[in-house]
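To keep things clear, I will list the structure first and then write my remarks on it.
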Amino acid sequence: DNAQPGADLVVGAIEGVFGVTPGERRNHIKGTCAAGEFVGTRKAARLSKSPLFSGKPVPVVARFSVSGGNTKVPDVAKSGRGMALEFQLPKGKLHHITMLNTPMFGAAQPQTFLDLMLALKPDPATGKPDPEKMKAFKASHPDNLAQADYLASNNPPASYASSSYWGIHTFKFIDKKGTATLVRWQFVPQDGEKRLSDDELKTAGANFLESALIERTKQGPARWDMLVSIGQPGDSETDPTVLWPAERPRIKAGTLTISRAEAQKGAPCEPINFDPLVMAPGIQPTDDPILRFRSPTYAVSFGKRLSER
Ligand code: HEM
């Protein structure tokens with residue numbers, strides 16, 4: 001059956017795993033604010049009429065984060081890292097791109113995400129998730145495995161600036177004539193990909209990502225190339241757990257420049273709801289059920305954290 005859990009139920013389940021820190025995000029609670037600009041390419045402008053690709057610099061408010069709802073999560077955790085971007089377009093329009101450092105997601109349907117949270121809920125007796133529940137979750141949810149394997153077999157980044165971030169979902173670029181092209185994208189760091197070594201995992205400590213990013217931007221801007229893959233018939237449009245073949249053609253759609261970073265408290269990124277369905281004309285969502293579900297879920301988390309302030 002296609003019935004989906006409610007967004008409030010899922011946010012409640014996230015709270016069941018991580019607890020509640022009043023006034024803060026229920027997920028990706030630990031984060032750092034940043035700012036800069038984005039400049040799009042002509043190649044992208046041919047495929048999408050979005051003002052993102054006008055070729056003029058677009059101001060960007062960014063937030064880098066560690067996944068999970070626990071402020072104490074160590075920066076060496078083998079979990080997701082996030083990059084959230086708010087593009088401030090002409091005439092007060094906004095566009096959001098909210099990505100992770102994994103090429104795929106760990107749920108094809110919201111129910112899988114909910115079941116994961118229920119399996120991770122600490123057992124009151126031990127204060128830890130029940131290993132039997134996790135085993136049963138893995139056995140019954142094959143759509144979780146690709147991302148779980150990726151996170152287990154790739155150490156986390158040494159810096160937010162030395163990581164790729166993927167859009168994961170399929171989106172549609174709409175050109176001036178209204179023609180749609182199916183796309184997926186990756187932001188590739190010009191600093192190169194650098195992950196923590198196994199030794200560094202033990203020595204890096206719990207809180208190095210924020211200071212490393214602030215230091216990095218003091219030395220000069222950090223940049224990412226936005227690379228866009230063009231889909232072909234048969235490529236998955238609605239399943240964020242399934243990758244496209246690696247040989248799909250890619251175009252460079254733009255360059256993101258991050259020139260400042262600061263602690264999130266009181267900084268511009270803190271109050272933003274980086275809802276991924278906030279989009280300007282020229283880029284449209286697909287019917288990926290995870291992409292569609294994120295919007296109401298973020299709204300519940302956003303409403304809670306604002307009302308607790
Ligand atoms: C069922 C799927 C998902 C659920 C239930 C979920 C839930 C959430 C929630 C509740 C927040 C906090 C919102 C707020 O208070 O502002 C959040 C933040 C975030 N999520 Fe998701 N998420 C899902 C899928 C994804 C996917 C597929 C991606 C990446 C493609 C992603 C990337 C992020 C990032 C980067 C943030 C932090 C945004 C910020 O810096 O404010 N999430 N998520």
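Every chain in the structure tokens has a letter given in the order shown (A, B, ...), and although residue numbers restart at 1 in each chain, ligands are simply numbered from 1 in the order shown.
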
Show me, as a Markdown table, the residues of chain A having an atom within 6 Å of ligand 1, each with the closest atom pair and its distance in Å, using only C-alpha atoms and all ligand atoms.
| residue | atom | partner | partner_atom_place_in_ligand_line | distance |
| --- | --- | --- | --- | --- |
| A:Val11 | CA | ligand 1 | 10 (C) | 5.9 |
| A:Arg25 | CA | ligand 1 | 15 (O) | 3.8 |
| A:Arg26 | CA | ligand 1 | 10 (C) | 5.2 |
| A:Asn27 | CA | ligand 1 | 11 (C) | 4.3 |
| A:His28 | CA | ligand 1 | 37 (C) | 4.8 |
| A:Arg63 | CA | ligand 1 | 40 (O) | 4.7 |
| A:Phe64 | CA | ligand 1 | 40 (O) | 5.9 |
| A:Ser65 | CA | ligand 1 | 40 (O) | 5.8 |
| A:Gly82 | CA | ligand 1 | 35 (C) | 3.6 |
| A:Met83 | CA | ligand 1 | 35 (C) | 5.0 |
| A:Ala84 | CA | ligand 1 | 40 (O) | 5.0 |
| A:Thr98 | CA | ligand 1 | 35 (C) | 4.9 |
| A:Met99 | CA | ligand 1 | 29 (C) | 4.1 |
| A:Leu100 | CA | ligand 1 | 29 (C) | 4.6 |
| A:Phe105 | CA | ligand 1 | 27 (C) | 5.5 |
| A:Pro110 | CA | ligand 1 | 1 (C) | 4.6 |
| A:Phe113 | CA | ligand 1 | 1 (C) | 5.2 |
| A:Gly167 | CA | ligand 1 | 30 (C) | 5.1 |
| A:Ile168 | CA | ligand 1 | 30 (C) | 5.1 |
| A:Asn273 | CA | ligand 1 | 16 (O) | 4.4 |
| A:Phe274 | CA | ligand 1 | 41 (O) | 5.1 |
| A:Ile290 | CA | ligand 1 | 1 (C) | 5.3 |
| A:Arg294 | CA | ligand 1 | 3 (C) | 5.3 |
| A:Thr297 | CA | ligand 1 | 10 (C) | 5.4 |
| A:Tyr298 | CA | ligand 1 | 13 (C) | 4.1 |
| A:Ser301 | CA | ligand 1 | 15 (O) | 4.2 |
| A:Phe302 | CA | ligand 1 | 15 (O) | 4.3 |

Val60 (chain A) environment, 8 Å, only C-alpha atoms, sequence neighbours closer than 2 positions dropped, as a PDB file with N, CA, C and O atoms, in the first residue's frame:
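around37.pdb written:
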ATOM      1  N   ALA A  35      28.803  31.890   3.735  1.00  0.00           N
ATOM      2  CA  ALA A  35      28.210  32.759   2.710  1.00  0.00           C
ATOM      3  C   ALA A  35      29.161  32.914   1.545  1.00  0.00           C
ATOM      4  O   ALA A  35      30.373  32.724   1.687  1.00  0.00           O
ATOM      5  N   GLY A  36      28.589  33.258   0.410  1.00  0.00           N
ATOM      6  CA  GLY A  36      29.387  33.437  -0.785  1.00  0.00           C
ATOM      7  C   GLY A  36      28.508  33.731  -1.976  1.00  0.00           C
ATOM      8  O   GLY A  36      27.502  34.435  -1.839  1.00  0.00           O
ATOM      9  N   GLU A  37      28.878  33.185  -3.140  1.00  0.00           N
ATOM     10  CA  GLU A  37      28.080  33.443  -4.343  1.00  0.00           C
ATOM     11  C   GLU A  37      28.193  32.280  -5.315  1.00  0.00           C
ATOM     12  O   GLU A  37      29.083  31.412  -5.189  1.00  0.00           O
ATOM     13  N   PHE A  38      27.276  32.272  -6.289  1.00  0.00           N
ATOM     14  CA  PHE A  38      27.243  31.229  -7.311  1.00  0.00           C
ATOM     15  C   PHE A  38      27.173  31.907  -8.674  1.00  0.00           C
ATOM     16  O   PHE A  38      26.434  32.871  -8.855  1.00  0.00           O
ATOM     17  N   VAL A  58      25.188  35.253  -8.009  1.00  0.00           N
ATOM     18  CA  VAL A  58      23.994  35.154  -7.164  1.00  0.00           C
ATOM     19  C   VAL A  58      24.462  34.982  -5.716  1.00  0.00           C
ATOM     20  O   VAL A  58      25.181  34.025  -5.418  1.00  0.00           O
ATOM     21  N   ALA A  62      24.766  29.840   3.111  1.00  0.00           N
ATOM     22  CA  ALA A  62      25.003  28.398   3.175  1.00  0.00           C
ATOM     23  C   ALA A  62      25.027  27.913   4.619  1.00  0.00           C
ATOM     24  O   ALA A  62      25.264  28.689   5.559  1.00  0.00           O
ATOM     25  N   LEU A  85      22.073  25.293   0.645  1.00  0.00           N
ATOM     26  CA  LEU A  85      22.317  26.569  -0.041  1.00  0.00           C
ATOM     27  C   LEU A  85      21.006  27.309  -0.266  1.00  0.00           C
ATOM     28  O   LEU A  85      20.035  26.730  -0.767  1.00  0.00           O
ATOM     29  N   GLU A  86      20.994  28.593   0.115  1.00  0.00           N
ATOM     30  CA  GLU A  86      19.877  29.463  -0.250  1.00  0.00           C
ATOM     31  C   GLU A  86      20.403  30.513  -1.226  1.00  0.00           C
ATOM     32  O   GLU A  86      21.238  31.349  -0.856  1.00  0.00           O
ATOM     33  N   PHE A  87      19.928  30.429  -2.472  1.00  0.00           N
ATOM     34  CA  PHE A  87      20.336  31.367  -3.521  1.00  0.00           C
ATOM     35  C   PHE A  87      19.383  32.553  -3.485  1.00  0.00           C
ATOM     36  O   PHE A  87      18.162  32.379  -3.580  1.00  0.00           O
ATOM     37  N   GLN A  88      19.953  33.768  -3.358  1.00  0.00           N
ATOM     38  CA  GLN A  88      19.128  34.977  -3.295  1.00  0.00           C
ATOM     39  C   GLN A  88      19.074  35.599  -4.690  1.00  0.00           C
ATOM     40  O   GLN A  88      19.975  36.316  -5.107  1.00  0.00           O
TER      41      GLN A  88
END

From A:Cys33, A:Ala161, A:Ala299, A:Ala13, residue lying nearest Thr257 (chain A) [only C-alpha atoms]:
A:Ala161

Helix (DSSP H, G or I) call set, DSSP backbone run, region 48-212 of chain A, as a short mmCIF file (atom, residue, chain, number, x, y, z; two decimals) with all heavy atoms, in the first residue's frame:
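So result35.cif came out as:
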data_model
loop_
_atom_site.label_atom_id
_atom_site.label_comp_id
_atom_site.auth_asym_id
_atom_site.auth_seq_id
_atom_site.Cartn_x
_atom_site.Cartn_y
_atom_site.Cartn_z
N PRO A 51 17.05 31.64 -13.07
CA PRO A 51 17.94 32.79 -12.87
C PRO A 51 19.26 32.41 -12.19
O PRO A 51 20.21 33.20 -12.20
CB PRO A 51 17.12 33.75 -12.00
CG PRO A 51 15.92 33.01 -11.55
CD PRO A 51 15.74 31.82 -12.42
N LEU A 52 19.32 31.19 -11.66
CA LEU A 52 20.58 30.66 -11.11
C LEU A 52 21.68 30.68 -12.16
O LEU A 52 22.86 30.84 -11.85
CB LEU A 52 20.30 29.21 -10.71
CG LEU A 52 20.94 28.60 -9.50
CD1 LEU A 52 20.65 29.42 -8.27
CD2 LEU A 52 20.41 27.17 -9.31
N PHE A 53 21.29 30.46 -13.42
CA PHE A 53 22.27 30.29 -14.49
C PHE A 53 22.37 31.52 -15.40
O PHE A 53 22.76 31.42 -16.56
CB PHE A 53 21.93 29.03 -15.31
CG PHE A 53 21.80 27.79 -14.47
CD1 PHE A 53 20.62 27.06 -14.43
CD2 PHE A 53 22.87 27.36 -13.68
CE1 PHE A 53 20.49 25.93 -13.63
CE2 PHE A 53 22.75 26.23 -12.87
CZ PHE A 53 21.56 25.51 -12.85
N PRO A 90 17.34 37.65 -8.11
CA PRO A 90 16.74 38.98 -8.30
C PRO A 90 15.24 38.97 -7.95
O PRO A 90 14.59 37.94 -8.00
CB PRO A 90 16.95 39.25 -9.79
CG PRO A 90 18.12 38.41 -10.18
CD PRO A 90 18.05 37.18 -9.31
N LYS A 91 14.74 40.14 -7.63
CA LYS A 91 13.31 40.35 -7.29
C LYS A 91 12.87 39.56 -6.06
O LYS A 91 11.71 39.16 -5.95
CB LYS A 91 12.41 40.00 -8.48
CG LYS A 91 12.65 40.90 -9.70
CD LYS A 91 11.74 40.51 -10.84
CE LYS A 91 12.27 41.08 -12.14
NZ LYS A 91 11.90 40.27 -13.30
N GLY A 92 13.80 39.31 -5.15
CA GLY A 92 13.44 38.66 -3.88
C GLY A 92 13.14 37.19 -3.99
O GLY A 92 12.69 36.57 -3.03
N PRO A 110 9.42 7.21 2.52
CA PRO A 110 9.46 7.74 3.89
C PRO A 110 9.33 6.66 4.96
O PRO A 110 9.94 6.76 6.03
CB PRO A 110 8.28 8.71 3.93
CG PRO A 110 8.11 9.17 2.51
CD PRO A 110 8.47 7.99 1.66
N GLN A 111 8.57 5.60 4.66
CA GLN A 111 8.38 4.53 5.65
C GLN A 111 9.72 3.92 6.08
O GLN A 111 9.91 3.57 7.25
CB GLN A 111 7.47 3.44 5.08
CG GLN A 111 7.09 2.35 6.09
CD GLN A 111 6.16 2.85 7.19
OE1 GLN A 111 5.20 3.57 6.92
NE2 GLN A 111 6.47 2.51 8.45
N THR A 112 10.66 3.79 5.14
CA THR A 112 11.97 3.22 5.48
C THR A 112 12.70 4.12 6.48
O THR A 112 13.31 3.65 7.44
CB THR A 112 12.82 3.03 4.20
OG1 THR A 112 12.18 2.06 3.39
CG2 THR A 112 14.24 2.56 4.53
N PHE A 113 12.63 5.45 6.23
CA PHE A 113 13.26 6.39 7.15
C PHE A 113 12.63 6.26 8.54
O PHE A 113 13.33 6.20 9.56
CB PHE A 113 13.13 7.82 6.61
CG PHE A 113 13.87 8.85 7.41
CD1 PHE A 113 15.17 9.22 7.07
CD2 PHE A 113 13.28 9.45 8.52
CE1 PHE A 113 15.85 10.16 7.82
CE2 PHE A 113 13.96 10.39 9.27
CZ PHE A 113 15.26 10.76 8.92
N LEU A 114 11.29 6.20 8.58
CA LEU A 114 10.58 6.06 9.86
C LEU A 114 11.00 4.77 10.56
O LEU A 114 11.32 4.77 11.76
CB LEU A 114 9.07 6.09 9.62
CG LEU A 114 8.20 5.78 10.86
CD1 LEU A 114 8.44 6.80 11.97
CD2 LEU A 114 6.71 5.75 10.49
N ASP A 115 11.03 3.66 9.81
CA ASP A 115 11.39 2.38 10.42
C ASP A 115 12.83 2.40 10.94
O ASP A 115 13.14 1.77 11.96
CB ASP A 115 11.19 1.24 9.41
CG ASP A 115 9.70 0.98 9.14
OD1 ASP A 115 8.86 1.48 9.93
OD2 ASP A 115 9.37 0.31 8.15
N LEU A 116 13.72 3.12 10.24
CA LEU A 116 15.10 3.25 10.73
C LEU A 116 15.13 3.98 12.07
O LEU A 116 15.81 3.57 13.02
CB LEU A 116 15.96 3.99 9.69
CG LEU A 116 17.40 4.28 10.11
CD1 LEU A 116 18.18 2.99 10.38
CD2 LEU A 116 18.13 5.10 9.05
N MET A 117 14.38 5.08 12.15
CA MET A 117 14.34 5.84 13.41
C MET A 117 13.78 4.96 14.54
O MET A 117 14.29 4.99 15.67
CB MET A 117 13.49 7.10 13.26
CG MET A 117 14.10 8.17 12.36
SD MET A 117 15.74 8.69 12.91
CE MET A 117 16.72 8.27 11.49
N LEU A 118 12.75 4.15 14.22
CA LEU A 118 12.17 3.30 15.26
C LEU A 118 13.19 2.23 15.70
O LEU A 118 13.28 1.90 16.89
CB LEU A 118 10.87 2.65 14.75
CG LEU A 118 9.74 3.65 14.43
CD1 LEU A 118 8.52 2.94 13.84
CD2 LEU A 118 9.34 4.46 15.67
N ALA A 119 13.99 1.74 14.74
CA ALA A 119 14.99 0.73 15.08
C ALA A 119 16.16 1.32 15.87
O ALA A 119 16.80 0.63 16.66
CB ALA A 119 15.52 0.06 13.80
N LEU A 120 16.43 2.62 15.65
CA LEU A 120 17.56 3.28 16.33
C LEU A 120 17.19 3.81 17.71
O LEU A 120 18.06 4.26 18.46
CB LEU A 120 18.08 4.45 15.48
CG LEU A 120 18.88 4.11 14.22
CD1 LEU A 120 19.17 5.38 13.42
CD2 LEU A 120 20.19 3.41 14.59
N PRO A 131 20.34 -4.19 19.09
CA PRO A 131 20.97 -4.74 17.87
C PRO A 131 20.02 -5.66 17.09
O PRO A 131 20.11 -5.73 15.86
CB PRO A 131 22.16 -5.55 18.40
CG PRO A 131 22.32 -5.19 19.83
CD PRO A 131 21.07 -4.54 20.31
N GLU A 132 19.13 -6.35 17.79
CA GLU A 132 18.18 -7.23 17.09
C GLU A 132 17.23 -6.42 16.20
O GLU A 132 16.89 -6.84 15.10
CB GLU A 132 17.35 -8.04 18.10
CG GLU A 132 18.15 -9.12 18.82
CD GLU A 132 18.83 -10.09 17.84
OE1 GLU A 132 18.15 -10.52 16.88
OE2 GLU A 132 20.03 -10.37 18.02
N LYS A 133 16.82 -5.26 16.70
CA LYS A 133 15.92 -4.41 15.91
C LYS A 133 16.63 -3.89 14.66
O LYS A 133 16.04 -3.81 13.59
CB LYS A 133 15.41 -3.24 16.75
CG LYS A 133 14.31 -3.63 17.71
CD LYS A 133 13.59 -2.41 18.26
CE LYS A 133 12.50 -2.83 19.24
NZ LYS A 133 12.15 -1.76 20.18
N MET A 134 17.91 -3.52 14.82
CA MET A 134 18.68 -3.03 13.66
C MET A 134 18.85 -4.14 12.63
O MET A 134 18.74 -3.91 11.42
CB MET A 134 20.05 -2.51 14.10
CG MET A 134 20.14 -1.01 14.29
SD MET A 134 19.32 -0.01 13.02
CE MET A 134 20.53 -0.04 11.71
N LYS A 135 19.10 -5.36 13.12
CA LYS A 135 19.25 -6.50 12.22
C LYS A 135 17.96 -6.73 11.43
O LYS A 135 18.00 -6.93 10.20
CB LYS A 135 19.57 -7.76 13.05
CG LYS A 135 20.87 -8.44 12.65
CD LYS A 135 21.28 -9.45 13.70
CE LYS A 135 21.10 -10.88 13.25
NZ LYS A 135 21.45 -11.82 14.35
N ALA A 136 16.85 -6.69 12.15
CA ALA A 136 15.55 -6.90 11.48
C ALA A 136 15.27 -5.77 10.49
O ALA A 136 14.76 -6.01 9.39
CB ALA A 136 14.44 -6.97 12.54
N PHE A 137 15.65 -4.52 10.86
CA PHE A 137 15.46 -3.39 9.93
C PHE A 137 16.24 -3.63 8.65
O PHE A 137 15.72 -3.49 7.54
CB PHE A 137 15.88 -2.07 10.58
CG PHE A 137 15.97 -0.95 9.59
CD1 PHE A 137 14.82 -0.28 9.17
CD2 PHE A 137 17.19 -0.58 9.03
CE1 PHE A 137 14.89 0.72 8.21
CE2 PHE A 137 17.27 0.43 8.08
CZ PHE A 137 16.12 1.08 7.67
N LYS A 138 17.52 -4.00 8.79
CA LYS A 138 18.37 -4.18 7.60
C LYS A 138 17.83 -5.30 6.71
O LYS A 138 17.83 -5.18 5.48
CB LYS A 138 19.80 -4.49 8.02
CG LYS A 138 20.50 -3.23 8.51
CD LYS A 138 21.99 -3.44 8.70
CE LYS A 138 22.61 -2.10 9.08
NZ LYS A 138 23.99 -2.22 9.48
N ALA A 139 17.39 -6.37 7.34
CA ALA A 139 16.90 -7.52 6.56
C ALA A 139 15.63 -7.18 5.79
O ALA A 139 15.38 -7.71 4.72
CB ALA A 139 16.66 -8.71 7.50
N SER A 140 14.82 -6.25 6.34
CA SER A 140 13.52 -5.98 5.72
C SER A 140 13.52 -4.71 4.87
O SER A 140 12.52 -4.38 4.25
CB SER A 140 12.44 -5.88 6.81
OG SER A 140 12.84 -4.95 7.79
N PRO A 142 15.96 -3.41 2.09
CA PRO A 142 17.14 -3.40 1.21
C PRO A 142 17.44 -2.01 0.63
O PRO A 142 18.59 -1.75 0.26
CB PRO A 142 16.78 -4.40 0.10
CG PRO A 142 15.30 -4.61 0.20
CD PRO A 142 14.92 -4.35 1.62
N ASP A 143 16.44 -1.13 0.60
CA ASP A 143 16.69 0.22 0.04
C ASP A 143 17.61 1.05 0.93
O ASP A 143 18.11 2.10 0.51
CB ASP A 143 15.37 0.97 -0.23
CG ASP A 143 14.46 1.06 0.98
OD1 ASP A 143 14.47 0.15 1.82
OD2 ASP A 143 13.73 2.07 1.08
N ASN A 144 17.85 0.60 2.17
CA ASN A 144 18.76 1.34 3.05
C ASN A 144 20.23 0.97 2.82
O ASN A 144 21.14 1.72 3.20
CB ASN A 144 18.39 1.07 4.52
CG ASN A 144 19.33 1.76 5.49
OD1 ASN A 144 20.17 1.12 6.13
ND2 ASN A 144 19.22 3.06 5.59
N LEU A 145 20.47 -0.18 2.18
CA LEU A 145 21.81 -0.78 2.24
C LEU A 145 22.88 0.00 1.48
O LEU A 145 24.01 0.12 1.96
CB LEU A 145 21.77 -2.23 1.74
CG LEU A 145 20.88 -3.16 2.58
CD1 LEU A 145 20.97 -4.59 2.06
CD2 LEU A 145 21.25 -3.10 4.06
N ALA A 146 22.57 0.55 0.31
CA ALA A 146 23.61 1.20 -0.50
C ALA A 146 24.22 2.38 0.26
O ALA A 146 25.44 2.52 0.33
CB ALA A 146 23.04 1.65 -1.85
N GLN A 147 23.38 3.22 0.85
CA GLN A 147 23.93 4.37 1.57
C GLN A 147 24.64 3.93 2.85
O GLN A 147 25.70 4.47 3.20
CB GLN A 147 22.83 5.39 1.90
CG GLN A 147 23.42 6.71 2.40
CD GLN A 147 22.42 7.59 3.13
OE1 GLN A 147 21.55 7.10 3.85
NE2 GLN A 147 22.52 8.90 2.92
N ALA A 148 24.08 2.94 3.53
CA ALA A 148 24.72 2.43 4.76
C ALA A 148 26.11 1.88 4.43
O ALA A 148 27.08 2.15 5.15
CB ALA A 148 23.85 1.37 5.42
N ASP A 149 26.22 1.13 3.32
CA ASP A 149 27.53 0.61 2.89
C ASP A 149 28.48 1.75 2.56
O ASP A 149 29.66 1.72 2.91
CB ASP A 149 27.38 -0.26 1.63
CG ASP A 149 26.86 -1.64 1.95
OD1 ASP A 149 26.74 -1.95 3.16
OD2 ASP A 149 26.55 -2.39 1.01
N TYR A 150 27.96 2.76 1.85
CA TYR A 150 28.81 3.89 1.45
C TYR A 150 29.38 4.59 2.69
O TYR A 150 30.58 4.91 2.75
CB TYR A 150 27.99 4.87 0.59
CG TYR A 150 28.84 5.98 0.00
CD1 TYR A 150 29.44 5.82 -1.24
CD2 TYR A 150 29.03 7.17 0.69
CE1 TYR A 150 30.23 6.83 -1.78
CE2 TYR A 150 29.82 8.18 0.15
CZ TYR A 150 30.42 8.01 -1.07
OH TYR A 150 31.21 9.01 -1.61
N LEU A 151 28.51 4.83 3.67
CA LEU A 151 28.96 5.53 4.88
C LEU A 151 29.92 4.68 5.71
O LEU A 151 30.86 5.19 6.33
CB LEU A 151 27.75 5.94 5.73
CG LEU A 151 26.92 7.09 5.17
CD1 LEU A 151 25.61 7.24 5.94
CD2 LEU A 151 27.70 8.41 5.20
N ALA A 152 29.71 3.35 5.69
CA ALA A 152 30.59 2.47 6.46
C ALA A 152 31.96 2.34 5.80
O ALA A 152 32.98 2.20 6.48
CB ALA A 152 29.94 1.10 6.61
N SER A 153 32.00 2.41 4.46
CA SER A 153 33.26 2.12 3.77
C SER A 153 34.00 3.38 3.30
O SER A 153 35.09 3.28 2.75
CB SER A 153 33.01 1.18 2.59
OG SER A 153 32.02 1.71 1.75
N TYR A 160 34.79 20.33 5.73
CA TYR A 160 33.60 20.54 4.90
C TYR A 160 34.02 20.96 3.49
O TYR A 160 33.32 20.68 2.52
CB TYR A 160 32.74 21.66 5.49
CG TYR A 160 31.90 21.28 6.69
CD1 TYR A 160 31.94 22.07 7.85
CD2 TYR A 160 31.03 20.19 6.66
CE1 TYR A 160 31.13 21.77 8.95
CE2 TYR A 160 30.22 19.90 7.76
CZ TYR A 160 30.28 20.70 8.90
OH TYR A 160 29.48 20.40 9.97
N ALA A 161 35.19 21.64 3.39
CA ALA A 161 35.63 22.18 2.09
C ALA A 161 36.27 21.12 1.21
O ALA A 161 36.52 21.38 0.03
CB ALA A 161 36.61 23.33 2.31
N SER A 162 36.55 19.95 1.75
CA SER A 162 37.18 18.90 0.93
C SER A 162 36.22 17.74 0.71
O SER A 162 36.63 16.58 0.67
CB SER A 162 38.48 18.42 1.57
OG SER A 162 38.20 17.79 2.80
N ASP A 198 42.17 6.38 8.81
CA ASP A 198 41.73 5.62 9.98
C ASP A 198 42.41 6.13 11.25
O ASP A 198 41.78 6.19 12.32
CB ASP A 198 42.01 4.12 9.78
CG ASP A 198 41.06 3.51 8.75
OD1 ASP A 198 39.98 4.10 8.49
OD2 ASP A 198 41.39 2.44 8.20
N ASP A 199 43.68 6.55 11.15
CA ASP A 199 44.37 7.12 12.31
C ASP A 199 43.74 8.44 12.72
O ASP A 199 43.53 8.71 13.91
CB ASP A 199 45.86 7.34 12.00
CG ASP A 199 46.65 6.06 12.09
OD1 ASP A 199 46.13 5.10 12.71
OD2 ASP A 199 47.77 6.00 11.54
N GLU A 200 43.47 9.29 11.72
CA GLU A 200 42.89 10.59 12.03
C GLU A 200 41.50 10.46 12.66
O GLU A 200 41.08 11.32 13.45
CB GLU A 200 42.81 11.44 10.75
CG GLU A 200 44.17 12.00 10.33
CD GLU A 200 44.19 12.54 8.91
OE1 GLU A 200 43.30 12.19 8.10
OE2 GLU A 200 45.11 13.30 8.60
N LEU A 201 40.79 9.40 12.30
CA LEU A 201 39.48 9.16 12.93
C LEU A 201 39.62 9.11 14.44
O LEU A 201 38.73 9.54 15.18
CB LEU A 201 38.90 7.83 12.45
CG LEU A 201 38.00 7.80 11.22
CD1 LEU A 201 37.37 6.42 11.09
CD2 LEU A 201 36.93 8.87 11.27
N LYS A 202 40.76 8.58 14.91
CA LYS A 202 40.98 8.44 16.36
C LYS A 202 41.50 9.72 16.98
O LYS A 202 41.32 9.96 18.17
CB LYS A 202 41.98 7.30 16.63
CG LYS A 202 41.42 5.94 16.23
CD LYS A 202 42.45 4.84 16.46
CE LYS A 202 42.11 3.62 15.62
NZ LYS A 202 43.25 3.16 14.82
N THR A 203 42.18 10.58 16.19
CA THR A 203 42.86 11.73 16.78
C THR A 203 42.21 13.08 16.46
O THR A 203 42.52 14.08 17.09
CB THR A 203 44.33 11.80 16.27
OG1 THR A 203 44.30 11.87 14.84
CG2 THR A 203 45.13 10.58 16.70
N LEU A 209 35.38 20.44 12.51
CA LEU A 209 34.87 20.85 11.20
C LEU A 209 34.60 22.36 11.11
O LEU A 209 34.92 23.00 10.10
CB LEU A 209 33.57 20.09 10.87
CG LEU A 209 33.75 18.65 10.40
CD1 LEU A 209 32.38 17.96 10.28
CD2 LEU A 209 34.48 18.59 9.06
N GLU A 210 34.02 22.92 12.17
CA GLU A 210 33.69 24.35 12.12
C GLU A 210 34.95 25.21 12.05
O GLU A 210 35.08 26.10 11.19
CB GLU A 210 32.84 24.75 13.31
CG GLU A 210 32.46 26.22 13.29
CD GLU A 210 31.33 26.52 14.26
OE1 GLU A 210 30.17 26.17 13.93
OE2 GLU A 210 31.60 27.09 15.32
N SER A 211 35.91 24.95 12.95
CA SER A 211 37.11 25.79 12.95
C SER A 211 37.91 25.61 11.66
O SER A 211 38.49 26.55 11.14
CB SER A 211 37.96 25.50 14.18
OG SER A 211 38.14 24.12 14.33
N ALA A 212 37.91 24.36 11.12
CA ALA A 212 38.64 24.13 9.86
C ALA A 212 38.03 24.95 8.72
O ALA A 212 38.75 25.51 7.89
CB ALA A 212 38.64 22.65 9.51
#

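Residues with any atom within 7 Å of Ala158 (chain A), counting only C-alpha atoms and excluding same-chain neighbours fewer than 6 positions away, are Lys194, Arg195 and Leu196 of chain A.
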
Mind listing the strand (DSSP E or B) residues of region 93-284 of chain A, per DSSP on the backbone, as a PyMOL selection string?
chain A and resi 94-100+122+129+157+165-166+171-174+180-189+195+222-230+250-263+283-284

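Nearest residue to Ala253 (chain A) among A:Asn70, A:Gln219, A:Asn155, A:Ser229 is A:Ser229, counting only C-alpha atoms.
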
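For the atom pair formed by CA of Asp175 (chain A) and CA of Arg46 (chain A), the distance is 6.5 Å, given to one decimal.
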
Proximity to His169 (chain A) - best of A:Thr21, A:Thr32, A:Thr71, A:Thr238, only C-alpha atoms:
A:Thr238

In terms of only C-alpha atoms, the residue from A:Arg184, A:Glu24, A:Ala44, A:Lys78 at minimal distance from Ala246 (chain A) is A:Arg184

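In this structure, CA of Arg81 (chain A) sits 5.9 Å away from CA of Ser67 (chain A).
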
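Between CA of Pro240 (chain A) and CA of Phe173 (chain A) the separation is 17.4 Å.
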
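Minimum distance to Pro129 (chain A) across A:Gln4, A:Phe18, A:Lys72, A:Ala45 (counting only C-alpha atoms) occurs at A:Phe18.
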
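Among the candidate residues A:Gly16, A:Pro122, A:Thr255, A:Pro221, the one lying nearest to Gly55 (chain A) is A:Thr255, with distances computed using only C-alpha atoms.
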